[in-house]
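Structure data (compact mmCIF, C-alpha atoms) from start-v8.txt:
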# COMPACT_ATOMS: atom_id res chain seq x y z
CA MET I 1046 200.57 28.08 37.07
CA VAL I 1047 199.97 26.57 40.46
CA ASP I 1048 196.65 24.78 40.59
CA PRO I 1049 194.65 26.41 43.41
CA ALA I 1050 193.20 22.97 44.18
CA CYS I 1051 196.57 21.97 45.64
CA LEU I 1052 195.86 24.06 48.72
CA GLY I 1053 195.64 21.55 51.55
CA HIS I 1054 197.38 18.81 49.54
CA GLU I 1055 199.05 16.34 51.86
CA PHE I 1056 202.30 15.05 50.47
CA THR I 1057 203.30 11.39 50.59
CA PRO I 1058 204.94 10.98 54.01
CA VAL I 1059 208.69 10.49 53.95
CA VAL I 1060 210.45 8.14 56.36
CA ALA I 1061 214.12 8.93 56.95
CA THR I 1062 216.65 7.23 59.18
CA VAL I 1063 219.58 9.42 60.18
CA GLU I 1064 222.75 7.70 58.99
CA ALA I 1065 226.22 8.37 60.36
CA GLU I 1066 228.17 8.33 57.09
CA ARG I 1067 225.72 10.60 55.33
CA LEU I 1068 225.74 13.03 58.22
CA ASP I 1069 229.56 13.05 58.15
CA ALA I 1070 229.44 13.89 54.43
CA TYR I 1071 227.05 16.74 55.22
CA PHE I 1072 229.30 18.13 57.94
CA ALA I 1073 232.19 18.07 55.45
CA ALA I 1074 230.07 19.72 52.76
CA ILE I 1075 229.07 22.61 55.02
CA GLY I 1076 232.55 22.91 56.52
CA GLU I 1077 231.47 22.08 60.05
CA THR I 1078 234.46 21.17 62.24
CA ASN I 1079 233.17 22.26 65.66
CA PRO I 1080 233.81 19.21 67.90
CA ALA I 1081 230.67 20.02 69.89
CA MET I 1082 228.71 19.40 66.71
CA ILE I 1083 230.51 16.53 64.98
CA GLU I 1084 231.18 14.35 68.02
CA PRO I 1085 228.56 12.35 69.93
CA ASP I 1086 226.67 14.34 72.54
CA SER I 1087 225.76 13.21 76.04
CA SER I 1088 223.31 10.69 74.56
CA GLY I 1089 226.22 8.86 72.91
CA ALA I 1090 225.15 9.65 69.36
CA VAL I 1091 225.92 12.52 67.03
CA ALA I 1092 223.15 15.13 66.92
CA VAL I 1093 221.62 16.47 63.72
CA PRO I 1094 222.59 20.09 62.97
CA PRO I 1095 219.88 22.71 62.41
CA ALA I 1096 219.45 22.69 58.64
CA TYR I 1097 219.96 18.96 58.04
CA LEU I 1098 216.27 18.24 58.57
CA PHE I 1099 215.66 19.69 55.10
CA CYS I 1100 218.19 17.31 53.55
CA LEU I 1101 216.96 14.18 55.33
CA GLU I 1102 213.64 14.49 53.59
CA MET I 1103 215.22 14.88 50.13
CA LEU I 1104 217.75 12.10 50.75
CA HIS I 1105 215.05 9.57 51.65
CA ALA I 1106 212.05 10.57 49.53
CA GLN I 1107 211.28 8.29 46.61
CA ASP I 1108 211.17 11.46 44.52
CA PRO I 1109 213.31 14.22 46.07
CA PHE I 1110 211.27 16.77 44.14
CA ALA I 1111 207.92 15.35 45.22
CA PHE I 1112 207.29 18.58 47.12
CA VAL I 1113 206.69 20.21 43.75
CA ASN I 1114 206.06 17.27 41.41
CA GLU I 1115 203.07 16.07 43.41
CA ILE I 1116 201.29 19.36 42.79
CA GLY I 1117 202.24 19.82 39.15
CA VAL I 1118 205.00 22.39 39.69
CA SER I 1119 208.40 22.00 38.06
CA ILE I 1120 211.62 22.34 40.05
CA GLU I 1121 212.98 24.57 37.28
CA ASN I 1122 210.39 27.20 38.06
CA ILE I 1123 210.95 27.65 41.77
CA LEU I 1124 213.25 29.54 44.08
CA HIS I 1125 213.39 28.93 47.81
CA ALA I 1126 212.03 32.09 49.40
CA ASP I 1127 212.06 31.30 53.11
CA GLN I 1128 212.57 28.46 55.55
CA HIS I 1129 211.69 27.98 59.20
CA PHE I 1130 212.60 25.17 61.59
CA ALA I 1131 211.23 24.78 65.11
CA TYR I 1132 213.01 22.16 67.22
CA HIS I 1133 211.27 20.38 70.08
CA HIS I 1134 213.77 17.58 70.70
CA THR I 1135 217.34 16.97 69.58
CA ILE I 1136 217.53 14.41 66.77
CA HIS I 1137 220.39 11.92 66.58
CA VAL I 1138 222.05 9.40 64.28
CA GLY I 1139 219.91 6.26 64.42
CA ASP I 1140 216.61 8.07 64.79
CA THR I 1141 213.90 7.36 62.22
CA LEU I 1142 211.84 10.38 61.29
CA THR I 1143 208.51 10.64 59.52
CA TYR I 1144 207.77 13.85 57.63
CA ARG I 1145 204.12 14.78 57.17
CA SER I 1146 203.81 17.90 55.04
CA ARG I 1147 201.10 19.79 53.24
CA VAL I 1148 200.43 22.93 51.25
CA VAL I 1149 199.15 25.54 53.68
CA ASP I 1150 198.97 28.67 51.56
CA LEU I 1151 199.13 29.95 48.00
CA ILE I 1152 199.71 33.65 47.50
CA GLU I 1153 199.55 35.26 44.10
CA LYS I 1154 202.01 38.06 43.48
CA ARG I 1155 202.84 40.45 40.66
CA ASN I 1156 199.53 39.96 38.91
CA GLY I 1157 199.96 36.21 38.63
CA ALA I 1158 203.59 36.21 37.48
CA LEU I 1159 204.64 34.65 40.77
CA THR I 1160 202.91 32.35 43.24
CA PHE I 1161 204.24 31.92 46.76
CA LEU I 1162 203.75 28.28 47.66
CA VAL I 1163 203.81 27.71 51.42
CA GLN I 1164 204.29 24.25 52.93
CA ALA I 1165 204.29 23.14 56.54
CA ALA I 1166 205.51 19.85 57.96
CA GLU I 1167 205.46 18.02 61.26
CA ILE I 1168 208.32 15.64 61.89
CA PHE I 1169 207.87 12.69 64.24
CA ASP I 1170 210.47 10.27 65.56
CA GLN I 1171 210.28 6.49 65.94
CA ASN I 1172 208.48 6.98 69.27
CA GLU I 1173 205.87 9.17 67.58
CA ARG I 1174 207.17 12.22 69.42
CA LEU I 1175 206.82 15.50 67.55
CA VAL I 1176 210.50 16.42 67.26
CA ALA I 1177 210.37 19.35 64.86
CA GLU I 1178 208.15 21.47 62.65
CA THR I 1179 209.04 23.26 59.47
CA ARG I 1180 207.51 25.89 57.27
CA ARG I 1181 208.86 26.95 53.91
CA THR I 1182 207.94 29.15 50.98
CA PHE I 1183 208.86 28.64 47.36
CA ALA I 1184 208.44 31.41 44.81
CA VAL I 1185 206.97 29.77 41.71
CA ARG I 1186 207.51 31.52 38.42
CA ASN I 1187 204.36 31.07 36.45
CA GLN I 1188 204.78 30.62 32.73
CA ALA I 1189 203.93 33.68 30.70
CA ALA I 1190 200.53 32.34 29.72
CA SER I 1191 197.30 33.66 28.37
CA GLN I 1192 195.42 32.86 31.58
CA GLN I 1193 194.98 35.64 34.06
CA MET N 1030 224.76 46.54 72.48
CA THR N 1031 228.08 48.07 71.57
CA GLY N 1032 230.88 47.05 69.25
CA GLN N 1033 231.23 43.33 68.92
CA SER N 1034 228.44 41.15 67.53
CA LEU N 1035 227.41 38.05 69.49
CA ILE N 1036 227.75 36.11 66.26
CA LEU N 1037 230.38 36.88 63.66
CA ALA N 1038 231.44 34.13 61.31
CA ARG N 1039 233.32 34.42 58.04
CA PHE N 1040 233.28 31.75 55.35
CA PRO N 1041 235.63 31.04 52.45
CA ALA N 1042 234.60 31.93 48.90
CA ILE N 1043 231.91 29.72 47.42
CA THR N 1044 233.34 27.33 44.81
CA ARG N 1045 231.85 25.11 42.15
CA GLU N 1046 233.30 22.09 43.98
CA ALA N 1047 231.61 23.11 47.23
CA LEU N 1048 228.25 23.21 45.47
CA ALA N 1049 228.83 19.75 44.00
CA ARG N 1050 229.83 18.36 47.40
CA TYR N 1051 226.75 19.87 48.97
CA ALA N 1052 224.51 18.53 46.20
CA ASP N 1053 225.75 15.00 46.94
CA ALA N 1054 225.48 15.29 50.69
CA SER N 1055 222.10 17.01 50.74
CA GLY N 1056 220.20 14.95 48.20
CA ASP N 1057 219.41 18.13 46.24
CA SER N 1058 220.20 17.24 42.66
CA ASN N 1059 218.71 20.43 41.21
CA ALA N 1060 220.92 21.01 38.17
CA VAL N 1061 220.99 24.82 38.50
CA HIS N 1062 223.53 24.40 41.31
CA ILE N 1063 225.88 22.00 39.52
CA ASP N 1064 225.39 22.32 35.75
CA VAL N 1065 226.18 25.66 34.11
CA ASP N 1066 223.97 24.89 31.11
CA ALA N 1067 221.01 24.23 33.39
CA ALA N 1068 221.73 27.45 35.27
CA ARG N 1069 221.80 29.43 32.03
CA ALA N 1070 218.62 27.77 30.80
CA ALA N 1071 216.99 29.00 34.00
CA GLY N 1072 218.19 32.54 33.32
CA PHE N 1073 221.30 32.67 35.52
CA GLU N 1074 224.85 33.39 34.41
CA ASP N 1075 226.38 30.40 36.17
CA VAL N 1076 225.59 27.89 38.88
CA PHE N 1077 224.66 29.42 42.23
CA ALA N 1078 224.56 28.17 45.79
CA GLN N 1079 221.77 26.11 47.20
CA GLY N 1080 219.86 28.32 49.63
CA MET N 1081 220.01 25.58 52.23
CA LEU N 1082 223.81 25.46 52.00
CA VAL N 1083 223.90 29.11 53.00
CA MET N 1084 221.29 28.49 55.70
CA ALA N 1085 223.56 25.71 56.98
CA LEU N 1086 226.32 28.31 57.33
CA MET N 1087 223.88 30.43 59.31
CA GLY N 1088 223.23 27.39 61.49
CA ARG N 1089 226.96 26.87 62.02
CA SER N 1090 227.33 30.51 63.02
CA VAL N 1091 224.69 30.04 65.71
CA THR N 1092 225.93 26.69 67.05
CA ASP N 1093 229.47 28.08 67.24
CA VAL N 1094 228.15 30.26 70.05
CA VAL N 1095 224.99 28.58 71.38
CA PRO N 1096 224.93 24.85 72.22
CA LEU N 1097 222.65 22.94 69.85
CA HIS N 1098 220.34 21.79 72.65
CA ARG N 1099 219.47 25.44 73.34
CA VAL N 1100 218.49 26.31 69.77
CA ARG N 1101 214.69 26.41 69.64
CA SER N 1102 214.20 27.67 66.09
CA LEU N 1103 216.05 28.88 63.03
CA SER N 1104 214.36 30.85 60.27
CA THR N 1105 215.49 32.78 57.26
CA ARG N 1106 214.37 34.61 54.16
CA PHE N 1107 216.45 33.99 51.08
CA VAL N 1108 216.98 37.56 49.96
CA GLY N 1109 219.62 37.26 47.26
CA ILE N 1110 221.31 34.56 45.23
CA THR N 1111 224.73 33.50 46.52
CA ASN N 1112 227.13 33.27 43.59
CA LEU N 1113 230.46 31.58 42.96
CA GLY N 1114 233.19 33.66 44.55
CA ASP N 1115 230.94 35.12 47.24
CA GLU N 1116 232.72 35.38 50.58
CA LEU N 1117 229.98 35.27 53.16
CA THR N 1118 229.88 36.73 56.64
CA CYS N 1119 227.16 35.96 59.15
CA ARG N 1120 226.45 38.51 61.87
CA GLY N 1121 223.96 38.23 64.68
CA ASP N 1122 222.87 39.99 67.84
CA ILE N 1123 220.24 39.35 70.47
CA THR N 1124 217.49 41.90 69.94
CA GLU N 1125 214.95 40.82 72.52
CA SER N 1126 214.28 38.28 75.21
CA PHE N 1127 211.03 36.81 76.50
CA GLU N 1128 209.55 34.04 78.58
CA GLU N 1129 208.06 31.03 76.78
CA ASP N 1130 207.34 27.42 77.77
CA GLY N 1131 208.85 28.04 81.20
CA GLU N 1132 212.22 29.30 80.02
CA ARG N 1133 213.89 32.57 79.14
CA ARG N 1134 214.52 32.84 75.40
CA GLY N 1135 216.32 35.31 73.20
CA ILE N 1136 215.88 36.28 69.57
CA ILE N 1137 219.14 36.54 67.64
CA ASP N 1138 218.68 38.59 64.47
CA LEU N 1139 220.97 37.21 61.79
CA GLU N 1140 222.24 38.48 58.45
CA ILE N 1141 224.49 36.90 55.88
CA ARG N 1142 226.17 39.32 53.49
CA ASN N 1143 228.86 38.85 50.88
CA GLN N 1144 232.10 40.82 50.50
CA HIS N 1145 230.20 43.56 48.64
CA ASP N 1146 227.83 43.94 51.59
CA GLN N 1147 224.99 42.46 49.53
CA LEU N 1148 222.38 40.88 51.76
CA LYS N 1149 221.90 37.19 51.01
CA LEU N 1150 219.99 35.83 54.00
CA ALA N 1151 218.00 37.64 56.70
CA GLY N 1152 216.88 35.43 59.52
CA LYS N 1153 216.70 34.77 63.20
CA ALA N 1154 217.37 32.12 65.76
CA ILE N 1155 215.40 31.70 68.95
CA VAL N 1156 217.57 30.26 71.70
CA ALA N 1157 217.11 29.32 75.31
CA LEU N 1158 219.19 31.67 77.41
CA GLU N 1159 221.45 30.35 80.14
CA SER N 1160 219.70 30.29 83.46
CA GLU N 1161 221.51 30.69 86.76
CA GLY N 1162 222.43 27.27 88.09
CA ALA N 1163 221.10 25.03 85.32
CA GLY N 1164 223.34 23.77 82.45
What's the structure tokens form of this structure?
Amino acid sequence: MVDPACLGHEFTPVVATVEAERLDAYFAAIGETNPAMIEPDSSGAVAVPPAYLFCLEMLHAQDPFAFVNEIGVSIENILHADQHFAYHHTIHVGDTLTYRSRVVDLIEKRNGALTFLVQAAEIFDQNERLVAETRRTFAVRNQAASQQ
Amino acid sequence: MTGQSLILARFPAITREALARYADASGDSNAVHIDVDAARAAGFEDVFAQGMLVMALMGRSVTDVVPLHRVRSLSTRFVGITNLGDELTCRGDITESFEEDGERRGIIDLEIRNQHDQLKLAGKAIVALESEGAG
């Protein structure tokens, strides 16, 4: 069960510095070889590809599963249902990002068998610029329990 | 639009090793993607791909065609589990364009399907369209 009181919960902020070697490992892991992506851009640094913002948070969080552990949900009971990134500024190796996220919605489905847990985050850089925003939904399988 | 899709990218079959490499690089240590016993305990037959790995392939498909600095958003629903052996294809086409924040933008509808035409991801990218004169 997802505790309804977690609606509005603000997660512990995560601070993440984009590191060159880790980004290289990510490019290799996703099979990215496009020179326009893996080489430095006009700023002189390599830019962060679209989905890496998700990984930076997990790589640098004290608990990579804090996004569920902090609200009493177990990683074993969730599936990623949707993900949205909005980009306001290109992010580069060397930038330090701060993730501020919170639970923005809880939607019961299938008579309580599933809860859709919706989280939104604002991501700021070292100059306190809002560089990106994210929104994501996890489908939480609720234990077959006697509660309704 | 006729014939050719704006975005058409094909990816090699998903392997156990690829999931392990992605787990390391992404910080996602969720055992269902790298430990068959954990996957079975969660009700799956074997390990399956991290959704964000497949979304990364969607991202690659877009940035193959649109420069990163013109990508304004990327969104997807995770429709189906991507399994070992799945050979994924990402297709996308611009379905509408509009004016926002002083620039012309287009919506690219995106789908990732496997070799059996099973839909895995359904998403969209919003991109700034090339304007006459500016880079």
Check: which chain I residues lie within 8 Å of chain N using only C-alpha atoms, as a PDB file with C-alpha atoms, keeping the file's coordinate frame:
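Contents of part_31.pdb, freshly written:
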ATOM      1  CA  ARG I1067     225.720  10.600  55.330  1.00  0.00           C
ATOM      2  CA  LEU I1068     225.740  13.030  58.220  1.00  0.00           C
ATOM      3  CA  ALA I1070     229.440  13.890  54.430  1.00  0.00           C
ATOM      4  CA  TYR I1071     227.050  16.740  55.220  1.00  0.00           C
ATOM      5  CA  ALA I1074     230.070  19.720  52.760  1.00  0.00           C
ATOM      6  CA  ILE I1075     229.070  22.610  55.020  1.00  0.00           C
ATOM      7  CA  GLU I1077     231.470  22.080  60.050  1.00  0.00           C
ATOM      8  CA  ASN I1079     233.170  22.260  65.660  1.00  0.00           C
ATOM      9  CA  ALA I1081     230.670  20.020  69.890  1.00  0.00           C
ATOM     10  CA  MET I1082     228.710  19.400  66.710  1.00  0.00           C
ATOM     11  CA  PRO I1094     222.590  20.090  62.970  1.00  0.00           C
ATOM     12  CA  PRO I1095     219.880  22.710  62.410  1.00  0.00           C
ATOM     13  CA  ALA I1096     219.450  22.690  58.640  1.00  0.00           C
ATOM     14  CA  TYR I1097     219.960  18.960  58.040  1.00  0.00           C
ATOM     15  CA  PHE I1099     215.660  19.690  55.100  1.00  0.00           C
ATOM     16  CA  CYS I1100     218.190  17.310  53.550  1.00  0.00           C
ATOM     17  CA  LEU I1101     216.960  14.180  55.330  1.00  0.00           C
ATOM     18  CA  MET I1103     215.220  14.880  50.130  1.00  0.00           C
ATOM     19  CA  LEU I1104     217.750  12.100  50.750  1.00  0.00           C
ATOM     20  CA  PRO I1109     213.310  14.220  46.070  1.00  0.00           C
ATOM     21  CA  ILE I1120     211.620  22.340  40.050  1.00  0.00           C
ATOM     22  CA  GLU I1121     212.980  24.570  37.280  1.00  0.00           C
ATOM     23  CA  ASN I1122     210.390  27.200  38.060  1.00  0.00           C
ATOM     24  CA  HIS I1125     213.390  28.930  47.810  1.00  0.00           C
ATOM     25  CA  ALA I1126     212.030  32.090  49.400  1.00  0.00           C
ATOM     26  CA  ASP I1127     212.060  31.300  53.110  1.00  0.00           C
ATOM     27  CA  GLN I1128     212.570  28.460  55.550  1.00  0.00           C
ATOM     28  CA  HIS I1129     211.690  27.980  59.200  1.00  0.00           C
ATOM     29  CA  PHE I1130     212.600  25.170  61.590  1.00  0.00           C
ATOM     30  CA  ALA I1131     211.230  24.780  65.110  1.00  0.00           C
ATOM     31  CA  TYR I1132     213.010  22.160  67.220  1.00  0.00           C
ATOM     32  CA  HIS I1133     211.270  20.380  70.080  1.00  0.00           C
ATOM     33  CA  THR I1135     217.340  16.970  69.580  1.00  0.00           C
TER      34      THR I1135
END
Exercise for the section: Find the residues around Val1091 of chain I up to 6 Å (all atoms listed in the file counted), leave out those fewer than 2 positions away in its own chain, and share them as a list of chain:residue names. Expected result: I:Glu1084, I:Pro1085, I:Asp1086, I:His1137, I:Val1138
Exercise for the section: Please measure the separation of atom CA of Leu1151 of chain I and atom CA of His1062 of chain N, giving the value in Å to one decimal. Expected result: 25.9 Å
Exercise for the section: Counting all atoms listed in the file, note down every residue that has an atom within 10 Å of the point (204.9, 25.9, 49.2) (file coordinates), as number ranges by chain. Expected result: I: 1051-1052, 1112-1113, 1116, 1123, 1125-1127, 1146-1152, 1160-1165, 1180-1185
Practice task
Identify the residues within 9 Å of coordinate (204.9, 14.4, 63.3) (same frame as the file), considering only C-alpha atoms, and give the answer as a list in words.
Solution key: Leu1142, Thr1143, Tyr1144, Arg1145, Ala1166, Glu1167, Ile1168, Phe1169, Asp1170, Glu1173, Arg1174, Leu1175, Val1176, Ala1177 and Glu1178 of chain I
Write out, as an mmCIF file, keeping the file's coordinate frame, the residues just selected, with C-alpha atoms.
data_model
loop_
_atom_site.group_PDB
_atom_site.id
_atom_site.type_symbol
_atom_site.label_atom_id
_atom_site.label_comp_id
_atom_site.auth_asym_id
_atom_site.auth_seq_id
_atom_site.Cartn_x
_atom_site.Cartn_y
_atom_site.Cartn_z
ATOM 1 C CA LEU I 1142 211.840 10.380 61.290
ATOM 2 C CA THR I 1143 208.510 10.640 59.520
ATOM 3 C CA TYR I 1144 207.770 13.850 57.630
ATOM 4 C CA ARG I 1145 204.120 14.780 57.170
ATOM 5 C CA ALA I 1166 205.510 19.850 57.960
ATOM 6 C CA GLU I 1167 205.460 18.020 61.260
ATOM 7 C CA ILE I 1168 208.320 15.640 61.890
ATOM 8 C CA PHE I 1169 207.870 12.690 64.240
ATOM 9 C CA ASP I 1170 210.470 10.270 65.560
ATOM 10 C CA GLU I 1173 205.870 9.170 67.580
ATOM 11 C CA ARG I 1174 207.170 12.220 69.420
ATOM 12 C CA LEU I 1175 206.820 15.500 67.550
ATOM 13 C CA VAL I 1176 210.500 16.420 67.260
ATOM 14 C CA ALA I 1177 210.370 19.350 64.860
ATOM 15 C CA GLU I 1178 208.150 21.470 62.650
#
Write out as AutoDock Vina command-line options an axis-aligned box for segment 1066-1085 of chain N: all of its atoms listed in the file, 6 Å added on each side, centre and edge lengths in Å with one decimal.
--center_x 221.7 --center_y 28.8 --center_z 43.9 --size_x 21.4 --size_y 21.2 --size_z 38.2
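For the pair atom CA of Phe1056 of chain I and atom CA of His1105 of chain I, the interatomic distance is 13.9 Å.
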Handout entry: Residue with smallest distance to His1054 of chain I - pool I:Ile1136, I:Ala1158, I:Ala1090, I:Ala1111, counting all atoms listed in the file
Key =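 The shortest atom-to-atom distance to His1054 of chain I comes from I:Ala1111.
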Handout entry: Atomic separation - atom CA of Asn1172 of chain I relative to atom CA of Val1095 of chain N, Å
Key =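 Atom-to-atom, atom CA of Val1095 of chain N to atom CA of Asn1172 of chain I, that is 27.3 Å.
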Exercise for the section: Rank N:Ile1043, N:Thr1118, N:Leu1035, N:Glu1074 by their smallest atom-to-atom distance to Arg1142 of chain N, using all atoms listed in the file, and report the top residue only. Expected result: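 Distance minimum relative to Arg1142 of chain N lands on N:Thr1118.
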Problem - Exercise: Ser1126 of chain N partners within 8 Å, all atoms listed in the file, chain neighbours under 6 positions left out, as a ChimeraX atom specification - result: /N:1133-1136
Exercise for the section: Find, counting only C-alpha atoms, the residue in N:Glu1132, N:Asp1138, N:Asp1115, N:Asp1064 that gets nearest to Leu1158 of chain N. Expected result: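 Looking only at the distances to Leu1158 of chain N, the closest residue turns out to be N:Glu1132.
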Problem - Option closest in space to Asp1048 of chain I, from I:Val1118, I:Leu1159, I:Leu1124, I:Ala1065 [counting all atoms listed in the file] - result: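 Ranking I:Val1118, I:Leu1159, I:Leu1124, I:Ala1065 by distance to Asp1048 of chain I, first place goes to I:Val1118.
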Leu1113 of chain N environment, 7 Å, all atoms listed in the file, sequence neighbours closer than 3 positions dropped, as a compact mmCIF listing (two decimals) with C-alpha atoms, in the coordinates of the input:
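Wrote it out as around.txt, contents follow:
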# COMPACT_ATOMS: atom_id res chain seq x y z
CA ILE N 1043 231.91 29.72 47.42
CA THR N 1044 233.34 27.33 44.81
CA ARG N 1045 231.85 25.11 42.15
CA PHE N 1077 224.66 29.42 42.23
